[in-house]
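Shown next: input38.txt, given as compact mmCIF, C-alpha atoms.
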```
# COMPACT_ATOMS: atom_id res chain seq x y z
CA MET A 114 -25.86 11.48 18.42
CA SER A 115 -27.95 9.09 20.40
CA ILE A 116 -26.82 8.09 23.84
CA ASN A 117 -27.28 4.48 24.66
CA VAL A 118 -28.05 3.51 28.19
CA CYS A 119 -27.91 0.16 29.88
CA ASN A 120 -31.06 -1.15 31.44
CA ASP A 121 -32.30 -4.42 32.80
CA ARG A 122 -28.80 -5.00 34.22
CA SER A 123 -27.57 -6.81 31.10
CA MET A 124 -26.16 -6.17 27.65
CA ALA A 125 -26.55 -8.31 24.56
CA SER A 126 -24.65 -8.76 21.30
CA ILE A 127 -21.36 -7.54 22.74
CA THR A 128 -18.47 -9.49 21.23
CA SER A 129 -15.42 -7.68 22.53
CA LEU A 130 -14.13 -5.52 25.34
CA PRO A 131 -11.44 -2.85 25.17
CA SER A 132 -7.90 -4.06 25.61
CA GLY A 133 -6.86 -4.02 29.21
CA VAL A 134 -10.30 -4.89 30.51
CA THR A 135 -10.32 -8.33 32.01
CA GLY A 136 -13.34 -10.55 32.22
CA SER A 137 -13.73 -13.94 33.80
CA SER A 138 -10.62 -16.10 33.92
CA LEU A 139 -12.63 -19.01 32.57
CA VAL A 140 -13.07 -18.24 28.87
CA LEU A 141 -15.48 -20.21 26.74
CA ILE A 142 -13.76 -21.05 23.47
CA SER A 143 -16.21 -23.31 21.68
CA THR A 144 -19.21 -25.57 22.14
CA VAL A 145 -19.99 -28.76 20.27
CA THR A 146 -23.43 -30.31 20.54
CA ALA A 147 -23.63 -33.99 19.73
CA SER A 148 -26.59 -35.34 17.79
CA SER A 149 -26.10 -38.96 16.77
CA SER A 150 -22.45 -38.03 16.32
CA SER A 151 -19.73 -40.59 15.75
CA THR A 152 -17.18 -38.23 17.28
CA VAL A 153 -16.94 -34.87 19.01
CA THR A 154 -13.70 -33.13 18.21
CA PHE A 155 -11.88 -30.00 19.32
CA ASP A 156 -9.29 -29.73 16.55
CA SER A 157 -8.43 -26.04 16.83
CA ASP A 158 -7.84 -23.40 19.50
CA ILE A 159 -5.84 -25.72 21.76
CA ASP A 160 -2.47 -24.01 21.71
CA SER A 161 -0.20 -21.82 23.83
CA THR A 162 -2.90 -19.22 24.51
CA TYR A 163 -3.78 -20.79 27.86
CA LYS A 164 -1.78 -22.80 30.39
CA GLU A 165 -4.85 -24.85 31.22
CA TYR A 166 -7.81 -25.96 29.15
CA GLN A 167 -11.01 -27.43 30.54
CA ILE A 168 -13.57 -29.50 28.71
CA HIS A 169 -16.98 -29.68 30.36
CA ILE A 170 -19.15 -32.60 29.30
CA ILE A 171 -22.83 -31.99 29.94
CA GLN A 172 -25.40 -34.74 29.74
CA ALA A 173 -23.72 -36.94 27.16
CA HIS A 174 -26.15 -39.72 26.29
CA CYS A 175 -25.31 -42.97 24.55
CA SER A 176 -27.43 -44.67 21.90
CA ALA A 177 -27.39 -48.12 23.54
CA ASP A 178 -26.66 -49.66 26.91
CA ASN A 179 -23.12 -50.59 27.86
CA GLN A 180 -21.36 -48.05 25.69
CA ILE A 181 -18.16 -46.41 26.91
CA LEU A 182 -17.38 -42.73 26.46
CA GLN A 183 -13.75 -42.39 25.41
CA MET A 184 -11.20 -39.63 24.87
CA ASN A 185 -7.94 -39.26 22.99
CA PHE A 186 -5.38 -36.59 22.18
CA ARG A 187 -3.71 -35.44 18.95
CA ASP A 188 0.02 -34.84 19.17
CA GLY A 189 1.11 -33.46 15.86
CA SER A 190 -0.31 -35.63 13.14
CA THR A 191 -3.93 -35.91 12.09
CA ALA A 192 -4.49 -38.98 14.28
CA TYR A 193 -5.79 -39.00 17.84
CA ASP A 194 -3.26 -41.45 19.17
CA ALA A 195 -0.99 -39.85 21.80
CA THR A 196 0.78 -42.35 24.07
CA LYS A 197 -0.75 -42.28 27.55
CA THR A 198 -0.20 -43.76 31.01
CA THR A 199 -3.27 -43.30 33.18
CA THR A 200 -5.10 -44.23 36.38
CA TYR A 201 -8.81 -44.87 36.89
CA PHE A 202 -10.69 -45.47 40.09
CA ALA A 203 -14.33 -45.02 40.93
CA SER A 204 -16.92 -45.01 43.65
CA GLN A 205 -20.34 -46.56 43.08
CA HIS A 206 -23.73 -47.00 44.71
CA LYS A 207 -26.83 -48.71 43.34
CA GLU A 208 -30.31 -47.26 43.40
CA ASP A 209 -31.39 -50.15 45.66
CA ALA A 210 -28.81 -48.90 48.18
CA SER A 211 -26.48 -51.86 47.66
CA GLY A 212 -22.99 -52.03 46.27
CA GLY A 213 -21.45 -48.99 47.86
CA ALA A 214 -17.75 -49.28 47.11
CA LEU A 215 -14.56 -47.54 46.07
CA GLY A 216 -11.92 -49.24 44.00
CA TYR A 217 -9.30 -49.12 41.29
CA ASN A 218 -10.54 -50.33 37.91
CA THR A 219 -7.80 -52.08 35.96
CA ASP A 220 -10.06 -52.53 32.95
CA GLN A 221 -10.14 -48.81 32.30
CA ASP A 222 -6.55 -47.58 32.66
CA LEU A 223 -3.77 -47.42 30.08
CA ALA A 224 -0.02 -48.06 30.20
CA GLN A 225 1.93 -46.47 27.38
CA ALA A 226 -1.01 -47.07 25.06
CA THR A 227 -2.13 -45.02 22.10
CA GLY A 228 -5.77 -46.11 22.04
CA PHE A 229 -8.73 -44.16 23.36
CA LEU A 230 -9.00 -43.73 27.12
CA ASN A 231 -12.25 -44.78 28.79
CA ILE A 232 -13.75 -41.96 30.86
CA SER A 233 -17.27 -43.36 31.56
CA GLU A 234 -17.91 -47.09 31.20
CA ALA A 235 -20.98 -49.31 30.82
CA LEU A 236 -23.26 -46.34 30.43
CA GLY A 237 -27.01 -46.61 30.73
CA ALA A 238 -29.03 -45.57 27.70
CA ASP A 239 -32.38 -44.94 29.40
CA ASN A 240 -33.80 -41.61 28.33
CA ASP A 241 -32.89 -40.00 31.65
CA GLN A 242 -29.40 -41.46 31.97
CA CYS A 243 -26.23 -39.64 30.97
CA THR A 244 -22.66 -38.74 31.94
CA ASN A 245 -21.22 -35.40 33.05
CA GLY A 246 -17.80 -34.23 34.05
CA ILE A 247 -14.86 -31.88 33.77
CA ILE A 248 -11.47 -32.60 32.21
CA HIS A 249 -8.44 -30.43 32.97
CA LEU A 250 -5.59 -30.44 30.44
CA PHE A 251 -2.46 -28.62 31.56
CA ASP A 252 -0.07 -26.74 29.26
CA PRO A 253 -0.82 -28.79 26.14
CA SER A 254 1.48 -26.73 23.93
CA SER A 255 4.59 -27.46 25.99
CA THR A 256 7.38 -29.03 23.99
CA THR A 257 9.38 -29.65 27.16
CA PHE A 258 7.12 -31.63 29.47
CA VAL A 259 4.70 -34.53 29.24
CA LYS A 260 1.06 -33.40 29.35
CA GLN A 261 -0.86 -33.94 32.59
CA PHE A 262 -4.63 -34.27 32.62
CA ILE A 263 -7.22 -34.84 35.33
CA ALA A 264 -10.86 -35.80 34.90
CA ARG A 265 -13.75 -36.39 37.25
CA MET A 266 -16.88 -37.92 35.74
CA ALA A 267 -20.30 -38.64 37.20
CA TYR A 268 -22.51 -41.07 35.30
CA VAL A 269 -25.27 -43.64 35.46
CA HIS A 270 -24.18 -47.23 34.91
CA GLN A 271 -26.45 -49.45 32.82
CA ASN A 272 -27.29 -51.36 35.99
CA ASP A 273 -28.89 -48.27 37.54
CA ARG A 274 -25.82 -47.51 39.54
CA MET A 275 -24.37 -44.09 40.32
CA MET A 276 -20.70 -43.98 39.40
CA GLU A 277 -18.08 -41.35 40.00
CA ALA A 278 -14.82 -41.92 38.17
CA TYR A 279 -11.49 -40.25 38.94
CA ILE A 280 -9.22 -40.42 35.93
CA ALA A 281 -5.80 -38.90 35.44
CA GLY A 282 -2.54 -39.42 33.64
CA TYR A 283 -0.17 -37.95 31.14
CA CYS A 284 0.38 -37.97 27.44
CA ASN A 285 3.94 -39.24 27.40
CA THR A 286 5.18 -36.97 24.69
CA THR A 287 7.00 -33.67 24.43
CA ALA A 288 5.12 -32.89 21.22
CA ALA A 289 2.38 -30.32 21.60
CA ILE A 290 -1.16 -31.60 22.08
CA ASP A 291 -3.39 -29.66 19.69
CA GLY A 292 -6.62 -31.61 19.60
CA VAL A 293 -8.95 -33.72 21.74
CA GLN A 294 -11.55 -36.14 20.46
CA PHE A 295 -14.42 -38.00 22.15
CA LYS A 296 -16.39 -41.01 20.94
CA MET A 297 -18.30 -44.01 22.18
CA ASP A 298 -16.48 -47.33 21.94
CA SER A 299 -19.31 -48.45 19.66
CA GLY A 300 -22.21 -46.59 18.15
CA ASN A 301 -22.80 -42.87 18.33
CA ILE A 302 -22.92 -40.16 20.95
CA ASP A 303 -26.68 -39.80 20.87
CA SER A 304 -26.69 -36.34 22.41
CA GLY A 305 -24.71 -34.11 24.74
CA THR A 306 -22.89 -30.82 25.01
CA PHE A 307 -19.12 -30.47 25.06
CA LYS A 308 -17.63 -27.09 25.99
CA LEU A 309 -13.98 -26.08 25.65
CA TYR A 310 -12.67 -23.39 28.02
CA GLY A 311 -9.34 -21.69 28.46
CA VAL A 312 -8.16 -20.62 31.92
CA VAL A 313 -6.47 -17.23 31.83
CA MET Z 8 -18.02 12.45 33.35
CA SER Z 9 -17.35 10.25 30.36
CA ILE Z 10 -20.25 8.90 28.39
CA VAL Z 11 -20.18 5.20 27.73
CA THR Z 12 -21.09 4.39 24.15
CA TYR Z 13 -21.56 1.26 22.14
CA ASN Z 14 -19.37 1.11 19.09
CA ASN Z 15 -19.80 -1.54 16.45
CA ARG Z 16 -20.57 -4.36 18.91
CA SER Z 17 -17.74 -3.47 21.25
CA ILE Z 18 -17.61 -1.26 24.32
CA ILE Z 19 -15.34 1.72 24.67
CA ASN Z 20 -14.46 3.84 27.68
CA ILE Z 21 -14.99 0.92 30.02
CA SER Z 22 -12.04 0.40 32.34
CA ALA Z 23 -13.50 -2.38 34.43
CA ILE Z 24 -16.47 -4.68 34.52
CA PRO Z 25 -18.41 -5.58 37.62
CA GLY Z 26 -16.96 -8.29 39.79
CA ALA Z 27 -20.14 -10.29 39.54
CA ALA Z 28 -19.32 -10.87 35.89
CA LYS Z 29 -16.00 -12.42 36.82
CA ALA Z 30 -16.77 -15.58 38.75
CA LEU Z 31 -13.19 -16.77 38.43
CA THR Z 32 -10.78 -13.88 38.82
CA HIS Z 33 -7.07 -14.15 38.21
CA ILE Z 34 -5.11 -12.50 41.02
CA LYS Z 35 -1.44 -13.34 40.67
CA THR Z 36 0.98 -15.56 38.74
CA LEU Z 37 4.36 -16.58 40.11
CA THR Z 38 6.93 -18.31 37.92
CA ALA Z 39 9.72 -20.33 39.48
CA SER Z 40 13.27 -20.26 38.22
CA SER Z 41 15.54 -22.23 40.54
CA SER Z 42 13.41 -20.86 43.36
CA SER Z 43 13.59 -22.20 46.90
CA THR Z 44 9.99 -21.15 47.59
CA LEU Z 45 7.04 -19.39 45.98
CA SER Z 46 4.89 -17.38 48.40
CA PHE Z 47 1.56 -15.61 48.06
CA VAL Z 48 1.27 -12.99 50.81
CA ASP Z 49 -1.83 -10.87 51.19
CA GLY Z 50 -1.10 -7.24 50.49
CA SER Z 51 2.27 -7.92 48.92
CA SER Z 52 3.02 -7.74 45.20
CA ASP Z 53 -0.65 -7.32 44.28
CA VAL Z 54 -1.65 -10.53 46.04
CA VAL Z 55 -5.14 -10.61 47.56
CA LEU Z 56 -5.72 -13.33 50.14
CA ASP Z 57 -8.31 -11.94 52.49
CA ASN Z 58 -12.09 -11.63 52.75
CA THR Z 59 -12.43 -10.36 49.18
CA TYR Z 60 -13.20 -13.90 48.02
CA PRO Z 61 -14.75 -16.82 49.93
CA ILE Z 62 -12.77 -19.35 47.90
CA TYR Z 63 -9.25 -19.16 46.51
CA LEU Z 64 -7.87 -21.48 43.85
CA PHE Z 65 -4.22 -22.19 43.10
CA LYS Z 66 -3.26 -23.74 39.76
CA PHE Z 67 0.05 -25.58 39.39
CA ILE Z 68 1.45 -25.76 35.87
CA ASN Z 69 4.41 -28.06 35.26
CA MET Z 70 6.11 -27.92 38.65
CA HIS Z 71 9.55 -29.32 37.94
CA PRO Z 72 11.97 -30.18 40.77
CA ALA Z 73 15.70 -29.73 40.73
CA THR Z 74 16.04 -32.95 42.71
CA ASN Z 75 14.65 -36.25 41.47
CA GLY Z 76 11.86 -37.59 43.67
CA ALA Z 77 11.25 -34.31 45.50
CA THR Z 78 7.85 -33.79 47.10
CA PHE Z 79 5.91 -30.63 46.27
CA GLU Z 80 4.34 -29.22 49.44
CA PHE Z 81 2.73 -26.16 51.00
CA ASN Z 82 2.10 -24.42 54.28
CA MET Z 83 -0.14 -21.66 55.63
CA SER Z 84 0.72 -18.50 57.52
CA ALA Z 85 -1.44 -16.62 60.00
CA ASP Z 86 1.02 -13.75 60.38
CA THR Z 87 1.35 -12.47 56.82
CA GLY Z 88 4.25 -14.69 55.93
CA SER Z 89 6.48 -14.22 58.94
CA ASN Z 90 5.99 -17.89 59.80
CA TYR Z 91 4.54 -20.74 57.75
CA ASN Z 92 3.51 -23.06 60.54
CA VAL Z 93 -0.26 -23.30 60.89
CA THR Z 94 -1.34 -26.48 62.69
CA LYS Z 95 -2.97 -28.89 60.26
CA THR Z 96 -4.82 -32.20 60.25
CA THR Z 97 -4.98 -33.71 56.78
CA THR Z 98 -5.70 -36.73 54.58
CA PHE Z 99 -3.87 -37.94 51.50
CA ALA Z 100 -4.61 -40.63 48.93
CA ASP Z 101 -3.23 -41.47 45.53
CA ALA Z 102 -3.81 -43.70 42.54
CA ILE Z 103 -0.83 -45.06 40.64
CA HIS Z 104 -0.14 -46.99 37.44
CA ARG Z 105 3.24 -47.83 36.00
CA GLU Z 106 4.18 -47.28 32.39
CA ASN Z 107 4.87 -51.02 32.13
CA GLY Z 108 1.32 -51.74 33.31
CA ASP Z 109 2.26 -52.93 36.80
CA ASN Z 110 0.88 -51.93 40.20
CA PRO Z 111 -2.43 -50.24 39.36
CA ASP Z 112 -3.84 -49.18 42.72
CA VAL Z 113 -5.60 -46.52 44.73
CA ALA Z 114 -4.81 -46.25 48.43
CA TYR Z 115 -4.58 -44.01 51.43
CA SER Z 116 -1.06 -42.70 51.84
CA GLY Z 117 -0.34 -42.60 55.54
CA GLY Z 118 3.13 -41.21 55.03
CA ARG Z 119 1.81 -38.02 53.50
CA ASP Z 120 -0.85 -36.92 55.98
CA LEU Z 121 -0.52 -34.75 59.08
CA ALA Z 122 -2.15 -34.85 62.52
CA GLN Z 123 -2.01 -31.56 64.37
CA ALA Z 124 1.36 -30.84 62.82
CA THR Z 125 2.84 -27.52 61.77
CA GLY Z 126 5.10 -28.79 59.00
CA PHE Z 127 4.49 -28.57 55.26
CA GLN Z 128 1.70 -30.66 53.72
CA ASP Z 129 2.43 -32.83 50.67
CA ILE Z 130 0.69 -31.98 47.42
CA MET Z 131 2.62 -34.18 44.97
CA GLY Z 132 5.05 -36.81 46.19
CA GLY Z 133 8.13 -37.93 44.32
CA ILE Z 134 8.11 -35.95 41.09
CA GLY Z 135 10.71 -37.06 38.56
CA SER Z 136 13.33 -34.55 37.50
CA ASP Z 137 13.92 -35.80 33.97
CA ASN Z 138 13.66 -32.93 31.53
CA ASP Z 139 10.13 -33.90 30.48
CA GLU Z 140 8.77 -34.62 33.98
CA ALA Z 141 6.64 -32.18 35.95
CA GLY Z 142 3.41 -32.13 37.95
CA SER Z 143 0.22 -30.11 37.47
CA GLY Z 144 -3.08 -29.64 39.27
CA GLU Z 145 -4.96 -27.38 41.63
CA LEU Z 146 -5.64 -26.56 45.27
CA TYR Z 147 -8.76 -24.92 46.70
CA LEU Z 148 -8.55 -22.88 49.91
CA PHE Z 149 -11.87 -22.11 51.54
CA ASN Z 150 -12.58 -18.84 53.32
CA PRO Z 151 -9.09 -18.24 54.70
CA SER Z 152 -10.07 -14.97 56.32
CA SER Z 153 -12.62 -16.54 58.66
CA THR Z 154 -12.01 -15.90 62.34
CA THR Z 155 -14.76 -18.35 63.26
CA PHE Z 156 -13.95 -21.58 61.46
CA VAL Z 157 -10.93 -23.76 60.73
CA LYS Z 158 -9.52 -23.38 57.19
CA HIS Z 159 -10.24 -26.21 54.78
CA PHE Z 160 -8.25 -26.99 51.67
CA SER Z 161 -8.53 -29.62 48.94
CA SER Z 162 -5.98 -30.47 46.25
CA SER Z 163 -5.92 -32.75 43.22
CA THR Z 164 -2.86 -33.11 41.04
CA ASN Z 165 -1.12 -35.53 38.71
CA HIS Z 166 2.55 -36.16 38.13
CA PRO Z 167 5.00 -38.69 36.74
CA ASN Z 168 7.06 -40.41 39.41
CA GLY Z 169 10.69 -40.56 38.39
CA ASP Z 170 11.22 -44.22 39.21
CA ALA Z 171 14.36 -45.21 37.33
CA THR Z 172 13.18 -48.69 36.33
CA SER Z 173 9.51 -48.02 35.61
CA PRO Z 174 8.05 -44.54 35.89
CA TYR Z 175 4.43 -44.26 36.86
CA SER Z 176 1.53 -41.85 36.80
CA VAL Z 177 0.37 -40.62 40.22
CA TYR Z 178 -3.03 -39.00 40.83
CA ASN Z 179 -2.84 -37.24 44.21
CA PHE Z 180 -5.68 -36.18 46.52
CA GLY Z 181 -4.96 -34.08 49.56
CA ALA Z 182 -7.37 -32.38 51.91
CA GLY Z 183 -7.48 -31.09 55.42
CA TYR Z 184 -7.81 -28.03 57.56
CA GLY Z 185 -5.64 -25.46 59.18
CA ASN Z 186 -6.80 -25.91 62.75
CA THR Z 187 -6.91 -22.25 63.62
CA THR Z 188 -9.53 -19.54 63.92
CA SER Z 189 -6.94 -16.94 63.02
CA ALA Z 190 -7.13 -15.65 59.47
CA VAL Z 191 -4.77 -17.34 57.04
CA ASP Z 192 -3.22 -14.60 54.92
CA ALA Z 193 -0.26 -16.22 53.18
CA ILE Z 194 0.58 -19.51 51.47
CA GLN Z 195 4.03 -20.86 50.64
CA PHE Z 196 4.98 -23.64 48.21
CA GLN Z 197 8.27 -25.52 47.97
CA PHE Z 198 9.87 -28.86 47.29
CA HIS Z 199 10.88 -30.74 50.42
CA THR Z 200 14.40 -30.88 49.07
CA GLY Z 201 16.11 -28.77 46.44
CA ASN Z 202 14.72 -25.91 44.45
CA ILE Z 203 11.68 -25.46 42.27
CA ASP Z 204 13.63 -25.63 39.04
CA SER Z 205 10.71 -24.28 37.01
CA GLY Z 206 6.94 -24.06 37.11
CA THR Z 207 4.06 -21.64 37.29
CA ILE Z 208 1.57 -21.12 40.10
CA LYS Z 209 -1.55 -19.05 39.46
CA LEU Z 210 -3.82 -17.69 42.18
CA TYR Z 211 -7.52 -17.06 41.50
CA GLY Z 212 -10.42 -15.82 43.56
CA LEU Z 213 -13.93 -17.23 43.20
CA LYS Z 214 -16.74 -14.81 43.73
CA ASP Z 215 -19.80 -15.48 45.81
CA SER Z 216 -22.54 -17.08 43.77
```
Entire entry expressed as structure tokens:
Amino acid sequence: MSINVCNDRSMASITSLPSGVTGSSLVLISTVTASSSSTVTFDSDIDSTYKEYQIHIIQAHCSADNQILQMNFRDGSTAYDATKTTTYFASQHKEDASGGALGYNTDQDLAQATGFLNISEALGADNDQCTNGIIHLFDPSSTTFVKQFIARMAYVHQNDRMMEAYIAGYCNTTAAIDGVQFKMDSGNIDSGTFKLYGVV
Amino acid sequence: MSIVTYNNRSIINISAIPGAAKALTHIKTLTASSSSTLSFVDGSSDVVLDNTYPIYLFKFINMHPATNGATFEFNMSADTGSNYNVTKTTTFADAIHRENGDNPDVAYSGGRDLAQATGFQDIMGGIGSDNDEAGSGELYLFNPSSTTFVKHFSSSTNHPNGDATSPYSVYNFGAGYGNTTSAVDAIQFQFHTGNIDSGTIKLYGLKDS
């Protein structure tokens, strides 16, 4: 029998821990990397396992200026068309130091609509421009309550403007939400990483 | 002494992993059932709310009031839950949008802030009590055990307002500080009127980076 010892303060290729041993409460479920992708979809593993799911969007890059990154939810069928009422406000500041402002953006919110929700608008497509953010989705498997979500996105506007958007709302349905999909309003998601986490 | 062995890509005989590997650590879950309050008290019922973690995070999952339009709120204790009355100065803002498309707006909410007051601080105002209405979100509490600094908190939540004619989505932002250099060692949540009909509150600790 050989005795293995740990060195270098790390272990690799471990895929499970004994029952009863708890790790981090933020559990990575899956990662999708966009590469000229028409959509990025999490169509499994959103269920009653966790009371909160988080989706982290890392450096999503559009293929042309003025594209809008959008999100929608699946509520029982194959379509991503859950009815939503949402809010959207943002702060902004241009690289030339002008335009510092905070305001509600009525072009980006939804009222009992089934279409995709804008989460980063008028994106810049320069090679170094992108959007990042975190979306919290609470208790998506509930068949009692509507489904609350909160998002905070930081992105570069096509006019070389820093934007931070605060987006929230609810899917106005008591059907379980079991999928989330992202796309640009036109064209592809040129690149970017989308990570789905469960919160224990 | 037990010998730790690797077994087919899993680990056996491990009963715990180092805290550094657990950046976000679940501490305690409380579930309301017609509850007047939910309290997290350091040292009670496995709750840790001391200098173990520099940041604590509360998650609110589907807080549902017994009374329509009730405000979900919290307070801090500096005497292990004997009194929830820490002096606070706070800010509060919200964004709203009605289901019929009316009244999209973001604004400071002067009726929900506090200035050197000991009462409960609003987290979500006016949650509807219809069967499908509830509010969710989170609240960060920074270094509550400090005996040097005031105690900052920051919350962000969303809920449906139970307006009878046109319900609306409300995105709430609260922040402030407990204006005390005493350690804060307990937190209590409640609705300003009526019971917490149902809902789950989870407490986490965030490790030092």
Next item on the list: Extract, using all atoms listed in the file, all DNA, RNA and protein residues at most 7 Å from Asn231 in chain A, discarding same-chain residues fewer than 3 positions from it, and format them as an MDAnalysis selection string.
Entry: chainID A and resid 181:184 221 234
Margin query: Need the shell around Asp156 in chain A: protein/DNA/RNA residues with any atom at most 7 Å away, counting only C-alpha atoms. Skip same-chain ones fewer than 3 positions apart. Format as a list of chain:residue names?
Written below: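 Selected residues are A:Asp291, A:Gly292, A:Val293.
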Check: Can you list, as a ChimeraX atom specification, every protein, DNA or RNA residue that comes within 9 Å of Ser161 in chain Z when you count all atoms listed in the file, leaving out same-chain residues fewer than 5 positions away?
Finding: /Z:145-149,180-184
Next item on the list: Take the point (-4.2, -23.2, 20.5) as written in the file and pick out every residue within 10 Å of it, counting all atoms listed in the file; give the list as a list in words.
Entry: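 Protein, DNA and RNA residues close to (-4.2, -23.2, 20.5): Asp156, Ser157, Asp158, Ile159, Asp160, Ser161, Thr162, Tyr163, Tyr166, Pro253, Ser254, Ala289, Ile290, Asp291, Gly292 and Gly311 of chain A.
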So that I have them on file, write out the residues from the current selection with C-alpha atoms, as a tab-separated table (two decimals), keeping the file's coordinate frame.
```
chain	number	residue	atom	x	y	z
A	156	ASP	CA	-9.29	-29.73	16.55
A	157	SER	CA	-8.43	-26.04	16.83
A	158	ASP	CA	-7.84	-23.40	19.50
A	159	ILE	CA	-5.84	-25.72	21.76
A	160	ASP	CA	-2.47	-24.01	21.71
A	161	SER	CA	-0.20	-21.82	23.83
A	162	THR	CA	-2.90	-19.22	24.51
A	163	TYR	CA	-3.78	-20.79	27.86
A	166	TYR	CA	-7.81	-25.96	29.15
A	253	PRO	CA	-0.82	-28.79	26.14
A	254	SER	CA	1.48	-26.73	23.93
A	289	ALA	CA	2.38	-30.32	21.60
A	290	ILE	CA	-1.16	-31.60	22.08
A	291	ASP	CA	-3.39	-29.66	19.69
A	292	GLY	CA	-6.62	-31.61	19.60
A	311	GLY	CA	-9.34	-21.69	28.46
```
Check: Asn138 in chain Z: which residues within 12 Å, counting only C-alpha atoms, same-chain residues fewer than 4 positions away excluded, as JSON, numbers by chain?
Finding: {"A": [255, 256, 257, 258, 259, 286, 287], "Z": [69, 70, 71, 72, 73, 74, 75, 134, 167, 169, 204, 205]}
Next item on the list: Considering only C-alpha atoms, return as a list of chain:residue names whatever protein or nucleic-acid residues lie within 10 Å of Ile171 in chain A, sequence-local ones (same chain, fewer than 4 positions apart) excluded.
Entry: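 The residues that qualify are A:Thr146, A:Cys243, A:Thr244, A:Asn245, A:Gly246, A:Ile247, A:Ser304, A:Gly305, A:Thr306, A:Phe307, A:Lys308.
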Notebook entry, point to check: For Phe67 in chain Z, which of A:His206, A:His249, A:Arg274, A:Lys296 is the closest residue, counting all atoms listed in the file?
Noted result: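 Answer, going by the shortest atom-to-atom distance: A:His249.
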Note to self: So the first atom is CA of Ala124 in chain Z and the second is CA of Phe65 in chain Z; what is the distance between them in Å, to one decimal place?
What the structure shows: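 The value is 22.2 Å.
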Notebook entry, point to check: Between CA of Leu37 in chain Z and CA of Ser51 in chain Z, what is the spacing in Å?
Noted result: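 Spanning CA of Ser51 in chain Z to CA of Leu37 in chain Z is a straight-line distance of 12.5 Å.
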Next item on the list: Could you check which of A:Leu236, A:Val312, A:Met275, A:Ala192 is closest to Leu250 in chain A, using only C-alpha atoms?
Entry: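 Under the stated criterion, the closest residue is A:Val312.
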Next item on the list: Take CA of Leu121 in chain Z and CA of Asp109 in chain Z and report the distance between them in Å, one decimal.
Entry: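 According to the coordinates, CA of Leu121 in chain Z and CA of Asp109 in chain Z are separated by 28.9 Å.
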Notebook entry, point to check: With all atoms listed in the file as the basis for distance, which of Z:Ser46, Z:Thr187, Z:Asn168, Z:Asn58 is at the shortest distance from Ser89 in chain Z?
Noted result: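 Smallest distance to Ser89 in chain Z is found for Z:Ser46.
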Notebook entry, point to check: From the set Z:Thr78, Z:Thr36, Z:Asn92, Z:Ser153, which residue has the shortest atom-to-atom contact distance to chain A, counting all atoms listed in the file?
Noted result: Z:Thr36
Check: Between Z:Phe127, Z:Tyr115, Z:Phe160, Z:Phe79, which is the closest to chain A once you count all atoms listed in the file?
Finding: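 For chain A, the nearest of the given residues is Z:Tyr115.
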Checklist line | Minimum-distance residue to chain Z, chosen among A:Tyr310, A:Tyr268, A:Phe229, A:Phe251 (using only C-alpha atoms) | finding: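 The closest residue to chain Z is A:Phe251.
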Hey, could you pull the box centre and edge lengths for range 209-222 of chain A, axis-aligned, 5 Å padding per side, all listed atoms, to one decimal in Å, as JSON?
```
{"center_x": -19.0, "center_y": -50.0, "center_z": 40.2, "size_x": 34.8, "size_y": 15.0, "size_z": 25.9}
```
Could you add N, CA, C and O atoms to range 163-169 of chain Z and give me the result as a PDB file, keeping the file's coordinate frame?
```pdb
ATOM      1  N   SER Z 163      -5.999 -31.596  44.128  1.00  0.00           N
ATOM      2  CA  SER Z 163      -5.920 -32.750  43.220  1.00  0.00           C
ATOM      3  C   SER Z 163      -4.904 -32.420  42.141  1.00  0.00           C
ATOM      4  O   SER Z 163      -4.955 -31.342  41.532  1.00  0.00           O
ATOM      5  N   THR Z 164      -3.984 -33.342  41.953  1.00  0.00           N
ATOM      6  CA  THR Z 164      -2.860 -33.110  41.040  1.00  0.00           C
ATOM      7  C   THR Z 164      -2.454 -34.430  40.391  1.00  0.00           C
ATOM      8  O   THR Z 164      -2.823 -35.507  40.866  1.00  0.00           O
ATOM      9  N   ASN Z 165      -1.684 -34.327  39.335  1.00  0.00           N
ATOM     10  CA  ASN Z 165      -1.120 -35.530  38.710  1.00  0.00           C
ATOM     11  C   ASN Z 165       0.334 -35.271  38.349  1.00  0.00           C
ATOM     12  O   ASN Z 165       0.697 -34.143  37.993  1.00  0.00           O
ATOM     13  N   HIS Z 166       1.141 -36.315  38.490  1.00  0.00           N
ATOM     14  CA  HIS Z 166       2.550 -36.160  38.130  1.00  0.00           C
ATOM     15  C   HIS Z 166       3.158 -37.499  37.745  1.00  0.00           C
ATOM     16  O   HIS Z 166       2.641 -38.555  38.131  1.00  0.00           O
ATOM     17  N   PRO Z 167       4.254 -37.476  36.989  1.00  0.00           N
ATOM     18  CA  PRO Z 167       5.000 -38.690  36.740  1.00  0.00           C
ATOM     19  C   PRO Z 167       6.031 -38.892  37.845  1.00  0.00           C
ATOM     20  O   PRO Z 167       6.776 -37.963  38.189  1.00  0.00           O
ATOM     21  N   ASN Z 168       6.047 -40.095  38.418  1.00  0.00           N
ATOM     22  CA  ASN Z 168       7.060 -40.410  39.410  1.00  0.00           C
ATOM     23  C   ASN Z 168       8.326 -40.847  38.680  1.00  0.00           C
ATOM     24  O   ASN Z 168       8.260 -41.652  37.761  1.00  0.00           O
ATOM     25  N   GLY Z 169       9.446 -40.334  39.112  1.00  0.00           N
ATOM     26  CA  GLY Z 169      10.690 -40.560  38.390  1.00  0.00           C
ATOM     27  C   GLY Z 169      11.373 -41.866  38.717  1.00  0.00           C
ATOM     28  O   GLY Z 169      12.614 -41.913  38.773  1.00  0.00           O
TER      29      GLY Z 169
END
```
